[in-house]
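Structure first, commentary second.
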Amino acid sequence: MARVTFSIDEAAARLRAGDIVGMPTETVYGLAASVRDERALRRVFEVKKRPFFDPLIVHAASTEEARSMVRSWPRAAAALAERFWPGPLTLVLPKAPDVDPMITAGLDTVGVRVPARAEARRLIELAGAPLAAPSANRFGRTSPTAAQHVLDEFPGEDFLVLDAGPCDVGVESTVVAPSDRDGGADVAILRPGGVTAEEIEAALASMGGLVTVSRRTSAASPGHLEHHYQPDVPLFIIPEHLGSDRLALLRRLTKWKHSSRIAEVELDGDPAVAARKLYGDLRRLSAEGAQILVVKRDKSHFGGLWDAVWDRLSRAATASLTDEGNC
Ligand code: TXA
Ligand code: MG
């Protein structure tokens, strides 16, 4: 059975011995394997039931170590690493020749980041190699933001989870592909996350030249599927203009689903707090017996960290309700 430890030494020894380990980061908990251990890397995919076409993010203890995984380092990447590492930003860059193709799903690029959690960086140092780690949840399900969530996800598996308390950010890192262009930069956001588009633009403004920051379609990030991050019970999004007549709407929902156990996911007005609480609330409400979850989309929920929160909610949702109450 999976079990928790508070000892970084013990967790690192397991990694050196070829095991996988639950790793705390500031975003969500990861399921880590040494980048040099192909058997452990394979086990990460098997335990998660993750398809091999979905590449893993490599976690490094320093910018220098992250750079050893890539074969080019555009000025835009340097500027972003300087500003946001350690922190919740993943850079997708051409991979170094010796990076295991299992990590990159055969792509010519690799995603790298330096996590902000000191425990994570220490674990990487003591493991003696960068750690490839997807979020520590069964494929397609809600990510874990506490060590207990990881245990709950994998009741039948035998590995250690390093417990460093709850995650501060609560949603995954922002995944970007940066490149240089005419003295400026092009940055494609493949997945919104803990660093916002506005922060990225501001960080690159001083580069000089034209800077473009764009959202790319999900196809550019193989694992960024339309349905993902899903809780155990159906989740429905209620657009704000339907919110005033919520009770009638909920009754309609009840009739539709023959269920009276409806729980609302309450989002804090501060997107940083909303992000931190989101995954834990989805888990808690379904564990408490809710059969349907609903979440109201407020018209103020745009820009900044709301982009990441609503990206996850819309992928986690079964449907968004229309005026007619259809789905
Ligand atoms: O915050 C995070 O990023 C967490 C913590 C554990 O670091 N990790 C995480 O990993 O969310 P995962 O595997 O659940 O999501 C990684 C995302 C996937 O959508 C994957 O397709 C994308 O990053 N990705 C990884 N490498 C890529 C690459 N070379 N090109 C495009 N997308 C890539
Ligand atoms: Mg994930």
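Ligands are numbered from 1 in the order shown, residues from 1 within each chain, and chains are lettered A, B, ... in the order they appear in the structure tokens.
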
Closest contacts (range 101-132 of chain A/range 4-8 of chain A, max 8 Å, only C-alpha atoms) as a tab-separated table:
residue	atom	partner	partner_atom	distance
A:Glu119	CA	A:Ile8	CA	7.1
A:Arg122	CA	A:Ile8	CA	7.4
A:Leu123	CA	A:Ile8	CA	5.9

Resulting file, chosen residues, C-alpha atoms, as a tab-separated table (two decimals), in the first residue's frame:
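Dumped everything to out.tsv:
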chain	number	residue	atom	x	y	z
A	119	GLU	CA	11.25	20.04	-0.51
A	122	ARG	CA	15.95	18.98	-2.26
A	123	LEU	CA	14.38	15.67	-3.31

Problem set entry | Contact residues around Glu264 in chain A with only C-alpha atoms at 7 Å, ignoring same-chain residues under 3 positions, as a list in words |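 In the requested format, the answer is Leu293, Val294 and Val295 of chain A.
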
Next, write the just-selected residues to a file, as a PDB file, in the first residue's frame, keeping N, CA, C and O atoms as the atom set.
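Okay, this is what ended up in again.pdb:
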ATOM      1  N   LEU A 293     -22.396  17.897  -9.003  1.00  0.00           N
ATOM      2  CA  LEU A 293     -21.760  19.142  -8.588  1.00  0.00           C
ATOM      3  C   LEU A 293     -22.133  20.229  -9.587  1.00  0.00           C
ATOM      4  O   LEU A 293     -22.229  19.971 -10.785  1.00  0.00           O
ATOM      5  N   VAL A 294     -22.378  21.428  -9.062  1.00  0.00           N
ATOM      6  CA  VAL A 294     -22.608  22.563  -9.957  1.00  0.00           C
ATOM      7  C   VAL A 294     -21.648  23.679  -9.565  1.00  0.00           C
ATOM      8  O   VAL A 294     -21.247  23.794  -8.409  1.00  0.00           O
ATOM      9  N   VAL A 295     -21.272  24.473 -10.559  1.00  0.00           N
ATOM     10  CA  VAL A 295     -20.416  25.622 -10.274  1.00  0.00           C
ATOM     11  C   VAL A 295     -20.907  26.781 -11.125  1.00  0.00           C
ATOM     12  O   VAL A 295     -21.256  26.608 -12.291  1.00  0.00           O
TER      13      VAL A 295
END

Exercise. So which residues are near ligand 1, meaning at most 8 Å away with only C-alpha atoms and all ligand atoms counted, given back as a PyMOL selection string?
Worked result: chain A and resi 23-31+54-57+59+88-90+92-93+103-105+107-113+115+133-136+143+171-175+177+190-191+193-194+220-225

Please write the residues from the selection above to a file, keeping N, CA and C atoms, as a compact mmCIF listing (two decimals), in the first residue's frame.
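After the write, selection_13.txt holds the following:
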# COMPACT_ATOMS: atom_id res chain seq x y z
N MET A 23 5.57 13.27 -5.09
CA MET A 23 6.43 14.44 -4.83
C MET A 23 5.59 15.70 -4.63
N PRO A 24 5.81 16.42 -3.52
CA PRO A 24 5.08 17.68 -3.34
C PRO A 24 5.67 18.76 -4.24
N THR A 25 4.81 19.57 -4.85
CA THR A 25 5.29 20.78 -5.52
C THR A 25 4.33 21.90 -5.12
N GLU A 26 4.65 23.12 -5.51
CA GLU A 26 3.77 24.24 -5.16
C GLU A 26 2.45 24.20 -5.92
N THR A 27 2.41 23.46 -7.05
CA THR A 27 1.18 23.43 -7.86
C THR A 27 0.28 22.28 -7.41
N VAL A 28 0.69 21.05 -7.74
CA VAL A 28 -0.04 19.84 -7.33
C VAL A 28 1.01 18.79 -7.01
N TYR A 29 0.59 17.68 -6.40
CA TYR A 29 1.55 16.58 -6.15
C TYR A 29 1.84 15.86 -7.47
N GLY A 30 3.10 15.47 -7.65
CA GLY A 30 3.49 14.72 -8.83
C GLY A 30 3.82 13.27 -8.48
N LEU A 31 3.89 12.43 -9.50
CA LEU A 31 4.33 11.04 -9.31
C LEU A 31 5.66 10.92 -10.04
N ASP A 54 1.34 10.81 -24.08
CA ASP A 54 1.26 12.04 -23.29
C ASP A 54 2.57 12.28 -22.55
N PRO A 55 3.38 13.28 -22.98
CA PRO A 55 4.72 13.46 -22.42
C PRO A 55 4.72 13.97 -20.97
N LEU A 56 5.82 13.67 -20.27
CA LEU A 56 5.97 14.06 -18.86
C LEU A 56 6.78 15.35 -18.75
N ILE A 57 6.56 16.10 -17.68
CA ILE A 57 7.37 17.29 -17.38
C ILE A 57 8.58 16.86 -16.55
N HIS A 59 11.39 17.82 -13.84
CA HIS A 59 11.59 18.77 -12.74
C HIS A 59 13.07 18.79 -12.40
N PRO A 88 5.80 28.02 -10.95
CA PRO A 88 4.86 27.19 -11.71
C PRO A 88 4.82 27.49 -13.21
N LEU A 89 5.98 27.44 -13.87
CA LEU A 89 6.05 27.66 -15.32
C LEU A 89 6.87 26.53 -15.95
N THR A 90 6.30 25.86 -16.94
CA THR A 90 7.01 24.79 -17.67
C THR A 90 7.38 25.31 -19.05
N VAL A 92 8.64 24.42 -22.78
CA VAL A 92 8.77 23.33 -23.77
C VAL A 92 9.80 23.78 -24.81
N LEU A 93 10.90 23.03 -24.87
CA LEU A 93 12.04 23.40 -25.73
C LEU A 93 12.59 22.16 -26.44
N ILE A 103 9.86 9.87 -21.86
CA ILE A 103 9.50 11.13 -21.19
C ILE A 103 8.79 12.06 -22.17
N THR A 104 9.30 12.11 -23.40
CA THR A 104 8.80 13.11 -24.36
C THR A 104 7.75 12.53 -25.30
N ALA A 105 7.38 11.27 -25.08
CA ALA A 105 6.41 10.59 -25.95
C ALA A 105 6.87 10.65 -27.41
N LEU A 107 8.40 12.97 -28.92
CA LEU A 107 8.49 14.31 -29.51
C LEU A 107 9.94 14.79 -29.51
N ASP A 108 10.21 15.82 -30.28
CA ASP A 108 11.55 16.39 -30.30
C ASP A 108 11.71 17.47 -29.22
N THR A 109 10.66 17.71 -28.45
CA THR A 109 10.73 18.73 -27.40
C THR A 109 10.55 18.08 -26.02
N VAL A 110 10.98 18.82 -25.00
CA VAL A 110 10.78 18.35 -23.62
C VAL A 110 10.27 19.53 -22.78
N GLY A 111 9.38 19.24 -21.85
CA GLY A 111 8.89 20.25 -20.90
C GLY A 111 9.75 20.21 -19.64
N VAL A 112 10.28 21.38 -19.22
CA VAL A 112 11.12 21.41 -18.01
C VAL A 112 10.65 22.53 -17.09
N ARG A 113 10.78 22.28 -15.78
CA ARG A 113 10.53 23.37 -14.84
C ARG A 113 11.32 23.14 -13.56
N PRO A 115 10.66 23.54 -9.70
CA PRO A 115 9.54 23.80 -8.79
C PRO A 115 9.91 24.73 -7.64
N ALA A 133 7.80 13.90 -13.76
CA ALA A 133 6.62 13.70 -12.90
C ALA A 133 5.37 14.31 -13.51
N PRO A 134 4.38 13.48 -13.81
CA PRO A 134 3.05 14.02 -14.11
C PRO A 134 2.32 14.24 -12.80
N SER A 135 1.16 14.85 -12.84
CA SER A 135 0.36 14.97 -11.62
C SER A 135 0.00 13.57 -11.13
N ALA A 136 -0.07 13.41 -9.79
CA ALA A 136 -0.21 12.07 -9.18
C ALA A 136 -1.67 11.66 -9.03
N SER A 143 -6.41 16.44 -10.12
CA SER A 143 -5.05 16.38 -9.57
C SER A 143 -5.06 16.49 -8.04
N VAL A 171 -3.44 24.73 -8.82
CA VAL A 171 -3.60 24.26 -10.20
C VAL A 171 -2.20 24.08 -10.79
N GLU A 172 -2.13 23.33 -11.88
CA GLU A 172 -0.85 22.95 -12.45
C GLU A 172 -0.09 24.15 -13.03
N SER A 173 1.16 23.88 -13.41
CA SER A 173 1.99 24.93 -13.99
C SER A 173 1.45 25.37 -15.35
N THR A 174 1.79 26.58 -15.72
CA THR A 174 1.53 27.08 -17.08
C THR A 174 2.57 26.43 -17.99
N VAL A 175 2.10 25.84 -19.11
CA VAL A 175 3.04 25.21 -20.06
C VAL A 175 3.17 26.13 -21.26
N ALA A 177 5.61 27.33 -24.88
CA ALA A 177 6.68 27.06 -25.85
C ALA A 177 7.22 28.41 -26.29
N LEU A 190 0.48 26.67 -24.02
CA LEU A 190 -0.13 25.37 -24.35
C LEU A 190 -1.13 24.96 -23.26
N ARG A 191 -0.90 25.43 -22.04
CA ARG A 191 -1.84 25.16 -20.93
C ARG A 191 -1.76 26.33 -19.96
N GLY A 193 -1.99 28.23 -16.43
CA GLY A 193 -1.70 27.66 -15.10
C GLY A 193 -1.28 28.74 -14.13
N GLY A 194 -0.41 28.35 -13.20
CA GLY A 194 -0.06 29.19 -12.06
C GLY A 194 0.59 30.52 -12.40
N ALA A 220 -1.51 21.05 -29.59
CA ALA A 220 -0.09 21.31 -29.40
C ALA A 220 0.43 20.68 -28.11
N SER A 221 -0.44 20.37 -27.18
CA SER A 221 -0.04 19.74 -25.93
C SER A 221 -0.79 18.41 -25.86
N PRO A 222 -0.12 17.32 -26.21
CA PRO A 222 -0.81 16.07 -26.44
C PRO A 222 -1.70 15.64 -25.27
N GLY A 223 -1.31 15.98 -24.06
CA GLY A 223 -2.10 15.51 -22.93
C GLY A 223 -3.23 16.44 -22.57
N HIS A 224 -3.32 17.56 -23.31
CA HIS A 224 -4.31 18.54 -22.88
C HIS A 224 -5.63 18.26 -23.58
N LEU A 225 -6.30 17.22 -23.14
CA LEU A 225 -7.50 16.75 -23.81
C LEU A 225 -8.72 17.56 -23.37

Exercise. Given the choices A:Leu285, A:Ile238, A:Gly269, A:Ala275, which gets closest to Arg297 in chain A if the distance is worked out from only C-alpha atoms?
Worked result: A:Ile238

For this session: Using DSSP on the backbone, list every residue of range 100-170 of chain A that comes out as strand (DSSP E), and give them as a ChimeraX atom specification.
Result: /A:109-113,131-132,160-162

Problem set entry | Nearest to Phe236 in chain A by atom-to-atom distance, counting only C-alpha atoms, from A:Ser286, A:Ser320, A:Gln291, A:Thr212 | A:Ser320

Excluding Tyr229 in chain A and any residue of its chain fewer than 3 positions from it, enumerate the residues within 8 Å of it, using only C-alpha atoms, and give them as a PDB file with all heavy atoms, in the first residue's frame.
ATOM      1  N   GLY A 140      -6.744  11.476 -16.408  1.00  0.00           N
ATOM      2  CA  GLY A 140      -8.027  12.128 -16.699  1.00  0.00           C
ATOM      3  C   GLY A 140      -8.766  12.620 -15.473  1.00  0.00           C
ATOM      4  O   GLY A 140      -9.826  13.223 -15.596  1.00  0.00           O
ATOM      5  N   ARG A 141      -8.246  12.354 -14.281  1.00  0.00           N
ATOM      6  CA  ARG A 141      -8.972  12.709 -13.054  1.00  0.00           C
ATOM      7  C   ARG A 141      -8.376  13.961 -12.404  1.00  0.00           C
ATOM      8  O   ARG A 141      -7.345  14.471 -12.806  1.00  0.00           O
ATOM      9  CB  ARG A 141      -8.926  11.539 -12.050  1.00  0.00           C
ATOM     10  CG  ARG A 141      -9.217  10.206 -12.652  1.00  0.00           C
ATOM     11  CD  ARG A 141     -10.592  10.111 -13.253  1.00  0.00           C
ATOM     12  NE  ARG A 141     -11.637  10.155 -12.242  1.00  0.00           N
ATOM     13  CZ  ARG A 141     -12.917   9.897 -12.472  1.00  0.00           C
ATOM     14  NH1 ARG A 141     -13.324   9.602 -13.696  1.00  0.00           N
ATOM     15  NH2 ARG A 141     -13.800   9.929 -11.508  1.00  0.00           N
ATOM     16  N   THR A 142      -9.052  14.388 -11.332  1.00  0.00           N
ATOM     17  CA  THR A 142      -8.644  15.586 -10.593  1.00  0.00           C
ATOM     18  C   THR A 142      -7.243  15.419  -9.994  1.00  0.00           C
ATOM     19  O   THR A 142      -6.939  14.387  -9.409  1.00  0.00           O
ATOM     20  CB  THR A 142      -9.660  15.826  -9.449  1.00  0.00           C
ATOM     21  OG1 THR A 142     -10.959  15.834 -10.017  1.00  0.00           O
ATOM     22  CG2 THR A 142      -9.394  17.121  -8.738  1.00  0.00           C
ATOM     23  N   SER A 143      -6.411  16.444 -10.122  1.00  0.00           N
ATOM     24  CA  SER A 143      -5.046  16.382  -9.571  1.00  0.00           C
ATOM     25  C   SER A 143      -5.063  16.486  -8.044  1.00  0.00           C
ATOM     26  O   SER A 143      -5.955  17.104  -7.473  1.00  0.00           O
ATOM     27  CB  SER A 143      -4.201  17.531 -10.134  1.00  0.00           C
ATOM     28  OG  SER A 143      -4.130  17.460 -11.533  1.00  0.00           O
ATOM     29  N   ARG A 312      -9.571  24.455 -16.252  1.00  0.00           N
ATOM     30  CA  ARG A 312      -9.724  23.153 -15.570  1.00  0.00           C
ATOM     31  C   ARG A 312     -11.187  22.818 -15.358  1.00  0.00           C
ATOM     32  O   ARG A 312     -11.606  21.686 -15.569  1.00  0.00           O
ATOM     33  CB  ARG A 312      -9.015  23.150 -14.218  1.00  0.00           C
ATOM     34  CG  ARG A 312      -7.553  23.482 -14.251  1.00  0.00           C
ATOM     35  CD  ARG A 312      -6.750  22.649 -15.249  1.00  0.00           C
ATOM     36  NE  ARG A 312      -5.346  22.910 -15.060  1.00  0.00           N
ATOM     37  CZ  ARG A 312      -4.658  23.859 -15.723  1.00  0.00           C
ATOM     38  NH1 ARG A 312      -5.234  24.572 -16.671  1.00  0.00           N
ATOM     39  NH2 ARG A 312      -3.387  24.063 -15.441  1.00  0.00           N
ATOM     40  N   LEU A 313     -11.972  23.819 -14.933  1.00  0.00           N
ATOM     41  CA  LEU A 313     -13.395  23.530 -14.675  1.00  0.00           C
ATOM     42  C   LEU A 313     -14.099  23.128 -15.962  1.00  0.00           C
ATOM     43  O   LEU A 313     -14.919  22.211 -15.963  1.00  0.00           O
ATOM     44  CB  LEU A 313     -14.071  24.745 -14.041  1.00  0.00           C
ATOM     45  CG  LEU A 313     -13.884  24.855 -12.531  1.00  0.00           C
ATOM     46  CD1 LEU A 313     -14.347  26.214 -12.021  1.00  0.00           C
ATOM     47  CD2 LEU A 313     -14.631  23.740 -11.794  1.00  0.00           C
ATOM     48  N   ARG A 315     -12.871  21.619 -18.541  1.00  0.00           N
ATOM     49  CA  ARG A 315     -12.484  20.254 -18.925  1.00  0.00           C
ATOM     50  C   ARG A 315     -13.022  19.222 -17.938  1.00  0.00           C
ATOM     51  O   ARG A 315     -13.247  18.060 -18.294  1.00  0.00           O
ATOM     52  CB  ARG A 315     -10.967  20.133 -19.014  1.00  0.00           C
ATOM     53  CG  ARG A 315     -10.413  20.865 -20.208  1.00  0.00           C
ATOM     54  CD  ARG A 315      -8.905  20.942 -20.176  1.00  0.00           C
ATOM     55  NE  ARG A 315      -8.460  22.098 -20.915  1.00  0.00           N
ATOM     56  CZ  ARG A 315      -8.264  22.113 -22.227  1.00  0.00           C
ATOM     57  NH1 ARG A 315      -8.454  21.036 -22.934  1.00  0.00           N
ATOM     58  NH2 ARG A 315      -7.877  23.214 -22.832  1.00  0.00           N
ATOM     59  N   ALA A 316     -13.182  19.646 -16.690  1.00  0.00           N
ATOM     60  CA  ALA A 316     -13.710  18.719 -15.671  1.00  0.00           C
ATOM     61  C   ALA A 316     -15.217  18.542 -15.810  1.00  0.00           C
ATOM     62  O   ALA A 316     -15.775  17.540 -15.368  1.00  0.00           O
ATOM     63  CB  ALA A 316     -13.381  19.251 -14.274  1.00  0.00           C
TER      64      ALA A 316
END

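When CA of Pro130 in chain A is paired with CA of Val35 in chain A, their separation reads 5.9 Å.
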
For this session: For each of A:Val195, A:Ala290, A:Leu267, A:Val187, take the minimum atom-to-atom distance to Leu210 in chain A, counting only C-alpha atoms, then give the residue where this is smallest.
Result: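 Nearest to Leu210 in chain A: A:Val187.
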
Problem set entry | Counting only C-alpha atoms and all ligand atoms, the residue of A:Pro155, A:Pro144, A:Pro94, A:Pro86 that sits nearest ligand 2 | A:Pro144

For this session: Quick one: pick out all helix (DSSP H, G or I) residues within range 180-238 of chain A from a backbone DSSP run and write them as a count of residues only.
Result: 14

Exercise. Using only C-alpha atoms, which of the listed residues (A:Ala13, A:Glu240, A:Trp73, A:Val114) sits closest to Ser34 in chain A?
Worked result: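 Nearest to Ser34 in chain A: A:Ala13.
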
For this session: Within 7 Å of range 157-161 of chain A, counting only C-alpha atoms, which residues show up once you throw out same-chain ones fewer than 6 positions away? Write them as a list in words, please.
Result: Met1, Ala2, Arg3, Val4, Thr5, Ala11, Ile20, Val21, Gly22, Met23 and Ala147 of chain A

Problem set entry | Within 8 Å of Val211 in chain A using only C-alpha atoms, minus same-chain residues under 5 positions, as a ChimeraX atom specification | /A:184-187,201,204-205

Using only N, CA, C and O atoms, please write the residues we just selected to a file, as a short mmCIF file (atom, residue, chain, number, x, y, z; two decimals), in the first residue's frame.
data_model
loop_
_atom_site.label_atom_id
_atom_site.label_comp_id
_atom_site.auth_asym_id
_atom_site.auth_seq_id
_atom_site.Cartn_x
_atom_site.Cartn_y
_atom_site.Cartn_z
N GLY A 184 12.62 39.98 -30.67
CA GLY A 184 11.51 39.83 -29.72
C GLY A 184 11.27 38.36 -29.42
O GLY A 184 12.21 37.56 -29.46
N ALA A 185 10.03 38.01 -29.15
CA ALA A 185 9.75 36.63 -28.77
C ALA A 185 8.33 36.23 -29.12
O ALA A 185 7.43 37.07 -29.18
N ASP A 186 8.17 34.93 -29.40
CA ASP A 186 6.84 34.32 -29.55
C ASP A 186 6.68 33.33 -28.41
O ASP A 186 7.53 32.46 -28.24
N VAL A 187 5.62 33.48 -27.66
CA VAL A 187 5.37 32.50 -26.59
C VAL A 187 3.98 31.93 -26.79
O VAL A 187 2.99 32.66 -26.75
N GLU A 201 3.65 38.33 -20.37
CA GLU A 201 3.84 39.52 -21.23
C GLU A 201 4.70 40.56 -20.54
O GLU A 201 5.64 41.11 -21.13
N LEU A 204 8.40 39.75 -20.46
CA LEU A 204 9.14 39.80 -21.72
C LEU A 204 9.20 41.20 -22.32
O LEU A 204 9.92 41.43 -23.30
N ALA A 205 8.46 42.12 -21.72
CA ALA A 205 8.37 43.47 -22.29
C ALA A 205 9.74 44.11 -22.42
O ALA A 205 10.02 44.83 -23.38
#

Problem set entry | From A:Lys296, A:Arg284, A:Lys48, A:Arg121, residue lying nearest ligand 2 [only C-alpha atoms and all ligand atoms] | A:Lys48

For this session: Take CA of Ala287 in chain A and CA of Ala274 in chain A and report the distance between them in Å, one decimal.
Result: 19.4 Å

For this session: Mind checking which residues fall within 10 Å of Asp37 in chain A, counting only C-alpha atoms, ignoring those fewer than 2 positions away in the same chain, and posting them as a PyMOL selection string?
Result: chain A and resi 15-20+33-35+39-42+100+129+131-132
